[in-house]
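Data block for work-v3.txt (compact mmCIF, C-alpha atoms and all ligand atoms):
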```txt
# COMPACT_ATOMS: atom_id res chain seq x y z
CA MET A 26 4.15 -141.12 -8.73
CA LYS A 27 6.00 -139.23 -6.11
CA ARG A 28 6.99 -136.58 -8.56
CA HIS A 29 3.39 -136.17 -9.74
CA SER A 30 2.07 -135.66 -6.25
CA ILE A 31 4.74 -133.05 -5.58
CA ILE A 32 3.70 -131.11 -8.68
CA PHE A 33 0.05 -131.46 -7.68
CA ALA A 34 0.77 -130.20 -4.18
CA ALA A 35 2.71 -127.30 -5.64
CA ILE A 36 -0.25 -126.34 -7.82
CA LEU A 37 -2.62 -126.49 -4.85
CA LEU A 38 -0.26 -124.40 -2.80
CA PHE A 39 0.00 -121.83 -5.56
CA ALA A 40 -3.79 -121.64 -5.88
CA ALA A 41 -4.21 -121.20 -2.12
CA ALA A 42 -1.48 -118.60 -1.94
CA THR A 43 -2.86 -116.39 -4.69
CA GLY A 44 -6.54 -117.04 -3.91
CA PHE A 45 -7.02 -116.69 -7.64
CA SER A 46 -10.71 -116.75 -8.46
CA GLN A 47 -11.37 -115.01 -11.72
CA GLY A 48 -14.93 -114.98 -13.04
CA ALA A 49 -13.78 -117.09 -15.97
CA ARG A 50 -13.36 -119.98 -13.56
CA SER A 51 -16.69 -119.77 -11.80
CA LYS A 52 -19.60 -121.82 -13.07
CA PRO A 53 -22.02 -120.13 -15.46
CA ASP A 54 -25.50 -119.33 -14.14
CA PRO A 55 -27.87 -121.74 -15.98
CA GLU A 56 -30.58 -119.07 -16.23
CA VAL A 57 -28.18 -116.71 -18.02
CA SER A 58 -27.11 -119.53 -20.36
CA LYS A 59 -30.78 -120.10 -21.15
CA MET A 60 -31.32 -116.43 -21.97
CA VAL A 61 -28.24 -116.42 -24.21
CA LYS A 62 -29.88 -119.15 -26.30
CA GLU A 63 -33.15 -117.23 -26.48
CA ILE A 64 -31.58 -114.26 -28.29
CA SER A 65 -32.82 -114.67 -31.84
CA ALA A 66 -31.00 -113.48 -34.97
CA LYS A 67 -34.33 -113.84 -36.81
CA ASN A 68 -36.05 -111.38 -34.49
CA ILE A 69 -33.14 -108.98 -34.86
CA GLU A 70 -33.32 -109.25 -38.64
CA ALA A 71 -37.07 -108.57 -38.61
CA SER A 72 -36.58 -105.45 -36.46
CA ILE A 73 -33.77 -104.13 -38.67
CA ARG A 74 -35.83 -104.65 -41.83
CA LYS A 75 -38.83 -102.95 -40.24
CA LEU A 76 -36.77 -99.93 -39.18
CA VAL A 77 -35.25 -99.68 -42.69
CA SER A 78 -38.77 -99.80 -44.19
CA PHE A 79 -39.46 -96.30 -42.86
CA GLY A 80 -37.24 -94.93 -45.66
CA THR A 81 -35.40 -92.43 -43.50
CA ARG A 82 -35.07 -92.02 -39.75
CA ASN A 83 -33.27 -88.72 -39.95
CA THR A 84 -34.02 -86.75 -36.77
CA LEU A 85 -35.29 -83.86 -38.93
CA SER A 86 -37.62 -86.07 -40.99
CA GLU A 87 -41.43 -86.30 -40.76
CA GLN A 88 -42.93 -87.08 -37.37
CA ASP A 89 -46.61 -87.55 -38.29
CA ASN A 90 -46.43 -89.85 -41.30
CA PRO A 91 -47.31 -93.42 -40.22
CA THR A 92 -45.11 -95.10 -42.84
CA ARG A 93 -42.10 -92.83 -43.48
CA GLY A 94 -39.73 -90.87 -41.28
CA ILE A 95 -38.54 -90.85 -37.70
CA GLY A 96 -42.06 -90.51 -36.27
CA ALA A 97 -43.06 -93.84 -37.80
CA ALA A 98 -39.94 -95.48 -36.35
CA ARG A 99 -40.59 -93.93 -32.92
CA ASP A 100 -44.19 -95.22 -32.85
CA TRP A 101 -43.19 -98.68 -34.05
CA ILE A 102 -40.52 -99.07 -31.34
CA PHE A 103 -43.02 -97.85 -28.72
CA ALA A 104 -45.57 -100.45 -29.91
CA GLU A 105 -42.91 -103.21 -29.86
CA PHE A 106 -41.99 -102.41 -26.26
CA GLN A 107 -45.69 -102.38 -25.34
CA LYS A 108 -46.20 -105.78 -26.97
CA ILE A 109 -43.21 -107.17 -25.05
CA SER A 110 -44.62 -105.72 -21.87
CA SER A 111 -48.07 -107.22 -22.35
CA ASP A 112 -46.35 -110.61 -22.80
CA CYS A 113 -44.82 -110.29 -19.31
CA GLY A 114 -47.91 -109.08 -17.46
CA ASN A 115 -47.06 -105.40 -18.03
CA CYS A 116 -43.67 -105.84 -16.37
CA LEU A 117 -42.18 -102.94 -18.37
CA ASN A 118 -42.83 -99.25 -17.93
CA VAL A 119 -42.90 -98.08 -21.56
CA GLU A 120 -42.63 -94.37 -22.21
CA LYS A 121 -41.87 -91.68 -24.73
CA GLN A 122 -39.50 -89.11 -23.27
CA SER A 123 -40.08 -86.09 -25.54
CA PHE A 124 -38.31 -82.75 -25.35
CA LEU A 125 -37.92 -79.69 -27.52
CA GLN A 126 -34.37 -79.51 -28.80
CA PRO A 127 -33.39 -75.88 -29.46
CA LYS A 128 -31.48 -74.84 -32.59
CA ALA A 129 -28.04 -76.43 -32.70
CA ASN A 130 -25.25 -77.15 -35.15
CA ARG A 131 -27.22 -79.85 -37.00
CA ILE A 132 -30.71 -78.71 -35.84
CA PRO A 133 -31.76 -75.77 -38.07
CA GLU A 134 -35.12 -75.24 -36.28
CA PRO A 135 -36.28 -76.21 -32.77
CA THR A 136 -37.34 -79.87 -33.09
CA THR A 137 -39.14 -82.34 -30.85
CA LEU A 138 -36.98 -85.39 -30.09
CA THR A 139 -38.35 -88.51 -28.42
CA ASN A 140 -36.41 -91.17 -26.51
CA VAL A 141 -38.38 -94.42 -26.42
CA ILE A 142 -37.72 -96.24 -23.16
CA ALA A 143 -38.80 -99.51 -21.53
CA THR A 144 -37.90 -99.99 -17.87
CA LEU A 145 -37.73 -103.36 -16.10
CA LYS A 146 -37.88 -102.47 -12.43
CA GLY A 147 -35.51 -104.28 -10.06
CA THR A 148 -36.95 -106.41 -7.27
CA THR A 149 -34.68 -105.72 -4.29
CA ASN A 150 -32.61 -102.71 -5.45
CA PRO A 151 -34.81 -100.84 -7.94
CA GLU A 152 -32.94 -97.57 -7.30
CA ARG A 153 -29.80 -99.05 -8.92
CA VAL A 154 -30.06 -98.62 -12.71
CA TYR A 155 -28.32 -100.10 -15.77
CA VAL A 156 -28.99 -98.53 -19.18
CA VAL A 157 -28.59 -100.31 -22.53
CA SER A 158 -29.04 -98.17 -25.60
CA GLY A 159 -29.07 -97.92 -29.39
CA HIS A 160 -29.87 -94.89 -31.56
CA TYR A 161 -32.83 -95.20 -33.92
CA ASP A 162 -32.09 -92.15 -36.04
CA SER A 163 -30.12 -92.47 -39.29
CA MET A 164 -28.54 -90.24 -41.90
CA CYS A 165 -27.45 -90.33 -45.54
CA THR A 166 -24.49 -88.28 -46.78
CA SER A 167 -25.75 -85.00 -45.31
CA PRO A 168 -26.87 -85.07 -41.65
CA THR A 169 -29.48 -82.39 -42.32
CA ASP A 170 -31.01 -83.97 -45.44
CA ALA A 171 -34.37 -85.20 -44.12
CA LYS A 172 -35.70 -86.37 -47.50
CA CYS A 173 -33.07 -88.76 -48.88
CA ASP A 174 -33.34 -92.48 -48.16
CA ALA A 175 -31.23 -93.30 -45.10
CA PRO A 176 -31.74 -97.01 -44.37
CA GLY A 177 -29.28 -97.03 -41.46
CA ALA A 178 -29.46 -100.81 -41.19
CA ASN A 179 -26.13 -101.11 -39.42
CA ASP A 180 -25.96 -97.54 -38.06
CA ASP A 181 -27.94 -97.99 -36.00
CA ALA A 182 -30.95 -100.19 -36.61
CA SER A 183 -28.61 -102.99 -35.49
CA GLY A 184 -28.18 -101.45 -32.02
CA THR A 185 -31.87 -100.58 -31.76
CA ALA A 186 -32.90 -104.11 -32.76
CA ALA A 187 -30.50 -105.58 -30.20
CA VAL A 188 -32.04 -103.43 -27.43
CA ILE A 189 -35.56 -104.56 -28.40
CA GLU A 190 -34.43 -108.21 -28.42
CA LEU A 191 -32.78 -107.79 -25.01
CA ALA A 192 -36.03 -106.36 -23.65
CA ARG A 193 -37.96 -109.33 -25.04
CA VAL A 194 -35.71 -111.96 -23.47
CA MET A 195 -34.85 -110.24 -20.19
CA SER A 196 -38.40 -109.08 -19.39
CA LYS A 197 -39.31 -112.73 -18.79
CA ARG A 198 -37.00 -112.72 -15.75
CA LYS A 199 -36.54 -110.74 -12.56
CA PHE A 200 -33.36 -108.96 -11.47
CA ASP A 201 -32.29 -107.27 -8.24
CA ALA A 202 -31.58 -103.94 -9.98
CA THR A 203 -33.41 -101.97 -12.67
CA ILE A 204 -32.62 -102.31 -16.39
CA VAL A 205 -33.53 -99.51 -18.79
CA PHE A 206 -33.87 -100.48 -22.47
CA MET A 207 -33.41 -97.22 -24.31
CA THR A 208 -33.60 -96.13 -27.94
CA VAL A 209 -32.72 -92.54 -28.78
CA PRO A 210 -32.84 -90.13 -31.74
CA GLY A 211 -30.49 -87.24 -32.46
CA GLU A 212 -27.23 -89.22 -32.26
CA GLU A 213 -26.18 -88.06 -35.72
CA GLN A 214 -27.22 -84.51 -34.76
CA GLY A 215 -24.81 -84.45 -31.80
CA LEU A 216 -25.75 -87.17 -29.27
CA LEU A 217 -28.88 -85.18 -28.41
CA GLY A 218 -31.30 -87.86 -27.18
CA ALA A 219 -28.67 -89.50 -24.98
CA THR A 220 -27.55 -86.12 -23.63
CA TYR A 221 -31.11 -85.28 -22.59
CA PHE A 222 -31.53 -88.63 -20.83
CA ALA A 223 -28.19 -88.34 -19.03
CA GLN A 224 -28.93 -84.76 -17.92
CA GLN A 225 -32.38 -85.77 -16.62
CA ALA A 226 -30.71 -88.60 -14.69
CA VAL A 227 -28.33 -86.12 -13.04
CA GLU A 228 -31.15 -83.74 -12.14
CA LYS A 229 -33.35 -86.53 -10.75
CA LYS A 230 -30.34 -88.08 -8.98
CA VAL A 231 -30.84 -91.44 -10.70
CA ASP A 232 -28.13 -93.92 -9.67
CA ILE A 233 -26.98 -95.10 -13.12
CA GLU A 234 -24.29 -97.68 -12.33
CA ALA A 235 -23.50 -98.48 -15.96
CA MET A 236 -24.46 -97.45 -19.48
CA PHE A 237 -23.87 -99.42 -22.71
CA THR A 238 -24.28 -97.95 -26.16
CA ASN A 239 -24.61 -100.36 -29.07
CA ASP A 240 -23.79 -98.49 -32.26
CA ILE A 241 -22.85 -100.18 -35.57
CA ILE A 242 -23.02 -103.77 -34.36
CA GLY A 243 -24.17 -105.23 -37.69
CA GLY A 244 -20.87 -106.98 -38.45
CA VAL A 245 -20.89 -105.61 -41.98
CA THR A 246 -20.68 -108.60 -44.35
CA SER A 247 -18.10 -106.95 -46.63
CA GLN A 248 -15.61 -107.58 -43.78
CA LYS A 249 -16.58 -111.22 -43.31
CA ASN A 250 -13.06 -112.51 -43.92
CA SER A 251 -11.47 -110.27 -41.32
CA PRO A 252 -9.44 -112.06 -38.62
CA ASN A 253 -11.41 -109.99 -36.08
CA ARG A 254 -14.67 -111.55 -37.10
CA ASN A 255 -15.53 -113.34 -33.88
CA ARG A 256 -15.24 -110.42 -31.55
CA VAL A 257 -16.79 -107.07 -30.71
CA ARG A 258 -14.90 -103.95 -29.78
CA VAL A 259 -15.66 -102.54 -26.35
CA PHE A 260 -14.41 -98.97 -26.00
CA SER A 261 -13.74 -97.57 -22.53
CA GLU A 262 -12.00 -94.43 -21.36
CA GLY A 263 -8.97 -94.69 -19.05
CA VAL A 264 -9.06 -91.27 -17.41
CA PRO A 265 -12.61 -90.18 -16.42
CA SER A 266 -14.05 -87.49 -18.71
CA ASN A 267 -15.39 -85.63 -15.66
CA GLU A 268 -12.14 -85.69 -13.66
CA THR A 269 -11.58 -82.53 -11.60
CA GLU A 270 -8.20 -80.76 -11.31
CA GLN A 271 -7.86 -82.09 -7.78
CA GLN A 272 -8.60 -85.67 -8.86
CA ALA A 273 -6.10 -85.30 -11.70
CA GLY A 274 -3.48 -84.26 -9.17
CA THR A 275 -4.18 -87.33 -7.04
CA ARG A 276 -4.05 -89.57 -10.10
CA ARG A 277 -0.68 -88.18 -11.15
CA SER A 278 0.56 -88.96 -7.65
CA VAL A 279 -0.80 -92.52 -7.19
CA GLY A 280 -1.55 -93.74 -10.74
CA GLY A 281 -4.88 -94.81 -12.18
CA GLU A 282 -4.92 -93.58 -15.77
CA ASN A 283 -6.01 -97.10 -16.70
CA ASP A 284 -8.58 -97.51 -13.92
CA SER A 285 -11.64 -95.32 -14.46
CA ALA A 286 -15.06 -96.73 -13.54
CA SER A 287 -15.73 -97.17 -17.28
CA ARG A 288 -12.53 -99.21 -17.68
CA GLN A 289 -13.56 -101.42 -14.73
CA LEU A 290 -16.95 -101.86 -16.40
CA ALA A 291 -15.27 -102.96 -19.64
CA ARG A 292 -13.13 -105.46 -17.72
CA PHE A 293 -16.28 -106.77 -16.03
CA VAL A 294 -18.03 -107.23 -19.39
CA LYS A 295 -15.09 -109.16 -20.80
CA GLU A 296 -14.77 -111.37 -17.75
CA GLN A 297 -18.48 -112.23 -17.78
CA ALA A 298 -18.65 -112.80 -21.56
CA ASP A 299 -15.69 -115.18 -21.31
CA ARG A 300 -17.63 -117.30 -18.81
CA TYR A 301 -20.49 -117.98 -21.23
CA LEU A 302 -19.35 -117.61 -24.84
CA LYS A 303 -16.89 -119.95 -26.47
CA ASN A 304 -16.57 -118.59 -30.00
CA PHE A 305 -17.23 -114.90 -29.54
CA ARG A 306 -15.01 -112.52 -27.60
CA VAL A 307 -14.81 -109.02 -26.25
CA TRP A 308 -11.99 -107.02 -27.80
CA MET A 309 -11.02 -104.40 -25.25
CA ILE A 310 -10.09 -101.07 -26.79
CA TYR A 311 -8.47 -98.75 -24.29
CA ARG A 312 -9.96 -95.57 -25.73
CA ARG A 313 -13.15 -93.63 -25.01
CA ASP A 314 -14.38 -94.17 -28.56
CA ARG A 315 -12.92 -94.60 -32.03
CA TYR A 316 -10.09 -92.23 -32.92
CA GLY A 317 -11.37 -88.67 -32.55
CA ARG A 318 -15.01 -89.78 -32.71
CA GLY A 319 -17.96 -90.10 -30.35
CA GLY A 320 -21.13 -91.93 -29.36
CA ASP A 321 -24.05 -91.93 -26.95
CA HIS A 322 -22.03 -93.12 -23.93
CA ILE A 323 -20.10 -89.82 -23.94
CA PRO A 324 -22.83 -87.62 -22.39
CA PHE A 325 -22.97 -90.26 -19.62
CA VAL A 326 -19.24 -90.45 -18.88
CA GLU A 327 -19.05 -86.65 -18.99
CA ARG A 328 -21.58 -86.62 -16.15
CA GLY A 329 -19.69 -89.14 -14.06
CA PHE A 330 -21.53 -92.36 -15.01
CA ALA A 331 -19.59 -95.44 -16.13
CA GLY A 332 -20.22 -95.93 -19.86
CA ILE A 333 -18.85 -98.05 -22.71
CA ARG A 334 -19.40 -98.48 -26.44
CA PHE A 335 -19.96 -101.70 -28.44
CA THR A 336 -19.03 -101.57 -32.15
CA GLU A 337 -18.13 -104.11 -34.84
CA PRO A 338 -14.35 -104.61 -35.33
CA ASP A 339 -13.95 -103.45 -38.93
CA GLU A 340 -16.18 -100.66 -40.17
CA ASP A 341 -16.87 -100.17 -43.87
CA TYR A 342 -17.26 -96.48 -44.65
CA THR A 343 -18.83 -97.10 -48.07
CA HIS A 344 -21.79 -98.41 -46.06
CA GLN A 345 -22.14 -95.69 -43.43
CA HIS A 346 -23.64 -92.21 -43.79
CA GLN A 347 -23.98 -92.61 -47.57
CA ASN A 348 -26.72 -91.84 -50.07
CA VAL A 349 -27.76 -95.20 -51.50
CA ARG A 350 -26.20 -95.36 -54.98
CA THR A 351 -23.77 -97.13 -57.27
CA GLU A 352 -20.82 -95.06 -58.44
CA ASN A 353 -18.04 -96.37 -60.72
CA GLY A 354 -19.26 -99.88 -59.99
CA VAL A 355 -19.07 -99.37 -56.20
CA PHE A 356 -22.23 -99.76 -54.13
CA TYR A 357 -22.74 -97.20 -51.37
CA GLY A 358 -25.38 -97.34 -48.65
CA ASP A 359 -26.24 -98.84 -45.27
CA THR A 360 -28.69 -101.54 -46.35
CA PRO A 361 -29.88 -104.73 -44.55
CA GLU A 362 -28.19 -106.98 -47.14
CA LEU A 363 -24.86 -105.94 -45.61
CA VAL A 364 -25.82 -106.83 -42.03
CA ASP A 365 -24.80 -110.17 -40.52
CA PHE A 366 -27.75 -110.81 -38.20
CA GLU A 367 -25.97 -113.67 -36.43
CA TYR A 368 -23.12 -111.32 -35.62
CA THR A 369 -25.56 -108.75 -34.18
CA ALA A 370 -27.16 -111.52 -32.11
CA ASN A 371 -23.76 -112.36 -30.65
CA VAL A 372 -23.19 -108.75 -29.62
CA ALA A 373 -26.67 -108.76 -28.05
CA ARG A 374 -25.62 -111.90 -26.13
CA VAL A 375 -22.56 -110.14 -24.72
CA ASN A 376 -24.83 -107.29 -23.60
CA LEU A 377 -27.27 -109.73 -22.05
CA ILE A 378 -24.61 -111.61 -20.11
CA ALA A 379 -23.15 -108.38 -18.77
CA LEU A 380 -26.51 -106.80 -17.90
CA ALA A 381 -27.86 -109.93 -16.21
CA SER A 382 -24.62 -110.26 -14.23
CA LEU A 383 -24.66 -106.60 -13.20
CA ALA A 384 -28.34 -106.53 -12.26
CA SER A 385 -28.03 -109.75 -10.21
CA ALA A 386 -24.80 -108.76 -8.44
CA PRO A 387 -24.44 -106.43 -5.45
CA ALA A 388 -23.70 -102.75 -6.02
CA ARG A 389 -20.07 -101.68 -6.35
CA PRO A 390 -18.59 -101.00 -2.90
CA LYS A 391 -18.54 -97.30 -2.00
CA ASN A 392 -15.71 -95.12 -0.67
CA VAL A 393 -13.02 -97.67 -1.42
CA ALA A 394 -9.69 -96.33 -0.20
CA ILE A 395 -6.07 -97.18 0.45
CA VAL A 396 -4.91 -95.96 3.84
CA THR A 397 -1.68 -93.98 3.51
CA THR A 398 -1.17 -92.83 7.10
CA ARG A 399 2.20 -94.61 7.49
CA LEU A 400 4.75 -95.81 4.97
CA SER A 401 4.54 -99.60 4.85
CA ASN A 402 5.07 -102.52 2.50
CA ASP A 403 1.65 -103.80 3.57
CA THR A 404 -1.38 -102.36 1.78
CA GLU A 405 -4.42 -101.46 3.87
CA LEU A 406 -7.74 -101.15 2.06
CA LYS A 407 -11.07 -100.00 3.49
CA TRP A 408 -14.58 -99.37 2.18
CA ASP A 409 -18.18 -98.81 3.28
CA ALA A 410 -20.45 -101.77 4.04
CA ASN A 411 -22.82 -102.61 1.15
CA PRO A 412 -26.54 -102.43 1.97
CA ASP A 413 -27.37 -105.45 -0.27
CA ALA A 414 -29.45 -108.01 1.70
CA ASP A 415 -27.85 -111.04 0.00
CA LEU A 416 -24.26 -109.82 0.40
CA ALA A 417 -21.70 -112.52 1.19
CA GLY A 418 -18.58 -110.35 1.38
CA TYR A 419 -15.81 -108.78 -0.66
CA GLU A 420 -12.87 -109.67 -2.83
CA ILE A 421 -9.66 -107.74 -3.13
CA VAL A 422 -8.25 -107.98 -6.63
CA TRP A 423 -4.82 -106.98 -7.84
CA ARG A 424 -2.56 -107.02 -10.85
CA ASP A 425 0.93 -106.08 -11.86
CA THR A 426 1.09 -102.41 -12.87
CA THR A 427 1.84 -103.29 -16.50
CA THR A 428 -0.95 -105.89 -16.79
CA PRO A 429 -4.13 -104.77 -18.57
CA GLU A 430 -6.66 -106.88 -16.63
CA TRP A 431 -7.10 -108.04 -13.03
CA THR A 432 -5.18 -111.29 -12.55
CA ASP A 433 -5.59 -112.15 -8.87
CA ALA A 434 -8.32 -112.10 -6.29
CA ILE A 435 -8.72 -113.06 -2.66
CA ASN A 436 -11.97 -113.49 -0.75
CA VAL A 437 -11.66 -111.47 2.46
CA GLY A 438 -15.13 -112.19 3.89
CA ASN A 439 -17.75 -109.74 5.09
CA VAL A 440 -15.44 -107.08 6.46
CA THR A 441 -14.87 -103.41 5.56
CA ASN A 442 -11.10 -103.29 5.77
CA PHE A 443 -8.24 -105.63 5.05
CA VAL A 444 -4.46 -105.53 5.11
CA MET A 445 -2.58 -107.17 2.26
CA LYS A 446 0.57 -108.31 4.04
CA SER A 447 3.88 -107.73 2.23
CA ARG A 448 2.14 -106.66 -0.96
CA SER A 449 3.03 -103.06 -1.53
CA LYS A 450 0.74 -100.50 -3.18
CA ASP A 451 3.93 -99.24 -4.86
CA ASN A 452 4.21 -102.45 -6.88
CA TYR A 453 0.63 -103.50 -7.69
CA PHE A 454 -2.74 -102.02 -8.54
CA PHE A 455 -5.54 -103.02 -6.17
CA GLY A 456 -9.31 -103.00 -6.33
CA VAL A 457 -12.32 -104.17 -4.31
CA ARG A 458 -15.54 -105.84 -5.44
CA ALA A 459 -18.64 -107.08 -3.63
CA VAL A 460 -19.90 -110.69 -3.86
CA ASP A 461 -23.36 -112.01 -3.04
CA LYS A 462 -24.37 -115.41 -1.62
CA ALA A 463 -24.98 -116.82 -5.09
CA GLY A 464 -21.45 -115.83 -6.14
CA ASN A 465 -22.42 -112.83 -8.29
CA LYS A 466 -19.68 -110.21 -8.29
CA SER A 467 -19.89 -106.46 -8.75
CA PRO A 468 -17.48 -104.57 -11.01
CA VAL A 469 -14.22 -103.62 -9.30
CA VAL A 470 -13.75 -100.23 -7.65
CA TYR A 471 -10.32 -98.63 -7.83
CA PRO A 472 -9.39 -97.05 -4.48
CA ARG A 473 -8.44 -93.46 -3.81
CA PRO A 474 -5.83 -92.65 -1.15
CA VAL A 475 -6.92 -91.51 2.33
CA ARG A 476 -4.88 -90.56 5.34
ZN ZN B 501 -24.25 -94.51 -35.06
```

What's the structure tokens form of this structure?
Amino acid sequence: MKRHSIIFAAILLFAAATGFSQGARSKPDPEVSKMVKEISAKNIEASIRKLVSFGTRNTLSEQDNPTRGIGAARDWIFAEFQKISSDCGNCLNVEKQSFLQPKANRIPEPTTLTNVIATLKGTTNPERVYVVSGHYDSMCTSPTDAKCDAPGANDDASGTAAVIELARVMSKRKFDATIVFMTVPGEEQGLLGATYFAQQAVEKKVDIEAMFTNDIIGGVTSQKNSPNRNRVRVFSEGVPSNETEQQAGTRRSVGGENDSASRQLARFVKEQADRYLKNFRVWMIYRRDRYGRGGDHIPFVERGFAGIRFTEPDEDYTHQHQNVRTENGVFYGDTPELVDFEYTANVARVNLIALASLASAPARPKNVAIVTTRLSNDTELKWDANPDADLAGYEIVWRDTTTPEWTDAINVGNVTNFVMKSRSKDNYFFGVRAVDKAGNKSPVVYPRPVR
């Protein structure tokens, strides 16, 4: 008995001393759990099959044929978003963002491209924006062949279908911040639709706090026996793509090659997904994208927005960017028969959990800094006060320098500076996040040094 109570007291003491309060330990929000259940693999399957039915969605294909080509896909997505909006009392702003893309590497003639966008405006902080995206264009073996069949069921009808399903489920709720459900063309032509959107956001000074691209999330069935089956890769860059020379100098001096805003976003997504999903996990990949390759989050990170990529764990290259054919007994082509709709639904659920958590939480604290005026084994952190009306306070998080994810957190209350006694910035990485009265937490911000 005595021994048990000593152990128990020791555990309590340990918990109090570390103030450990990872998201994984906080209770799930019942409304988010409800939404997770509402994501339907059947709806996703129907959307994928419909998108495939347009024969090709090559960016250079027909735009005025109602049944074949990228124009038919564009108009169908637009109509889907409008239908979803009319089911929520016109809660979505549905628009076609068209622009004339000049000649480029994979654009032989100037071509009109159209991003199809549905915006769910935030209630209390509409100026804060989260973007979730998939690309609706497709390609066969040649990116400039506009005639061949290019079903693109996995790449990327799967991502497009997930975005439409997210809009359907999430539009029935209200969030503090704005969520943009985006589908873009021109990915296979050089990330053109996403680049245009990101550039417009810079010019209009839109506060995009996070961007997700869902690209190849079909969980190709040929890889069904893979040990990675029950997880999705989340790619995030370590060093910011838009880092200046001066920032690079600071980073070399204080560390932080594993602490970009995109990396913090990826950590946030994993932490939130772990709260809600038992049998499906986020597999963190500490890389901007797959080896030497790219996706629609890149134009965002290059412009200083936090952005990450969701992709199935094991790609099958006989079913990507291939003319549909059988050769020497091998079937090539990206057809719906090879998509695991339940898998895609699970990836959509991870997106939903992360987006709902982000859009309900306070904004990330601004101007987070470590004060370096004097040498000390204490660590002094400071930051600006958040404007969020429902703010409760802040948490300081930390981890060992060799640990990939935040391990410890302490609630410091509604203050804008705090000294971590006898915990040296030489020996740990620190971060700060904001918490609201309902317990929703922002992603972590990694501090810069100030004197
Ligand atoms: Zn793709």

Per residue of range 322-397 of chain A within 7 Å of range 180-193 of chain A, what are the shortest atom pair and its distance in Å to one decimal, counting only C-alpha atoms, with rows by chain and residue number, as a Markdown table?
```
| residue | atom | partner | partner_atom | distance |
| --- | --- | --- | --- | --- |
| A:Gln345 | CA | A:Asp180 | CA | 6.8 |
| A:Thr369 | CA | A:Ser183 | CA | 6.6 |
| A:Ala373 | CA | A:Ala187 | CA | 5.4 |
| A:Leu377 | CA | A:Leu191 | CA | 6.5 |
```

What are the nearest atom pairs, with distances in Å to one decimal, for all residues of chain A that come at most 10 Å from ligand ZN 501 (chain B), using only C-alpha atoms and all ligand atoms, set out by chain and rising residue number as a Markdown table?
```
| residue | atom | partner | partner_atom | distance |
| --- | --- | --- | --- | --- |
| A:Gly159 | CA | B:ZN501 | ZN | 8.2 |
| A:His160 | CA | B:ZN501 | ZN | 6.6 |
| A:Tyr161 | CA | B:ZN501 | ZN | 8.7 |
| A:Asp162 | CA | B:ZN501 | ZN | 8.2 |
| A:Ser163 | CA | B:ZN501 | ZN | 7.5 |
| A:Met164 | CA | B:ZN501 | ZN | 9.1 |
| A:Gly177 | CA | B:ZN501 | ZN | 8.5 |
| A:Asn179 | CA | B:ZN501 | ZN | 8.1 |
| A:Asp180 | CA | B:ZN501 | ZN | 4.6 |
| A:Asp181 | CA | B:ZN501 | ZN | 5.2 |
| A:Ala182 | CA | B:ZN501 | ZN | 8.9 |
| A:Ser183 | CA | B:ZN501 | ZN | 9.5 |
| A:Gly184 | CA | B:ZN501 | ZN | 8.5 |
| A:Gly211 | CA | B:ZN501 | ZN | 9.9 |
| A:Glu212 | CA | B:ZN501 | ZN | 6.7 |
| A:Glu213 | CA | B:ZN501 | ZN | 6.8 |
| A:Leu216 | CA | B:ZN501 | ZN | 9.5 |
| A:Thr238 | CA | B:ZN501 | ZN | 9.5 |
| A:Asn239 | CA | B:ZN501 | ZN | 8.4 |
| A:Asp240 | CA | B:ZN501 | ZN | 4.9 |
| A:Ile241 | CA | B:ZN501 | ZN | 5.9 |
| A:Ile242 | CA | B:ZN501 | ZN | 9.4 |
| A:Gly319 | CA | B:ZN501 | ZN | 9.0 |
| A:Gly320 | CA | B:ZN501 | ZN | 7.0 |
| A:Asp321 | CA | B:ZN501 | ZN | 8.5 |
| A:Thr336 | CA | B:ZN501 | ZN | 9.2 |
| A:Gln345 | CA | B:ZN501 | ZN | 8.7 |
| A:His346 | CA | B:ZN501 | ZN | 9.0 |
```

Set the distance at 12 Å and use all atoms listed in the file: which residues neighbour Asp359 in chain A once local chain neighbours fewer than 5 positions away are removed? I'd like the list as a PyMOL selection string. chain A and resi 73-74+77+80-81+163-166+174-183+241+243-247+340-350+364

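We find CA of Ser58 in chain A and CA of Arg153 in chain A to be spaced 23.6 Å apart.
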
Go ahead and find all residues with at least one atom no further than 10 Å from (-4.4, -105.5, 6.9) in the file's coordinates, using only C-alpha atoms; report them as a PyMOL selection string. chain A and resi 403-407+442-447
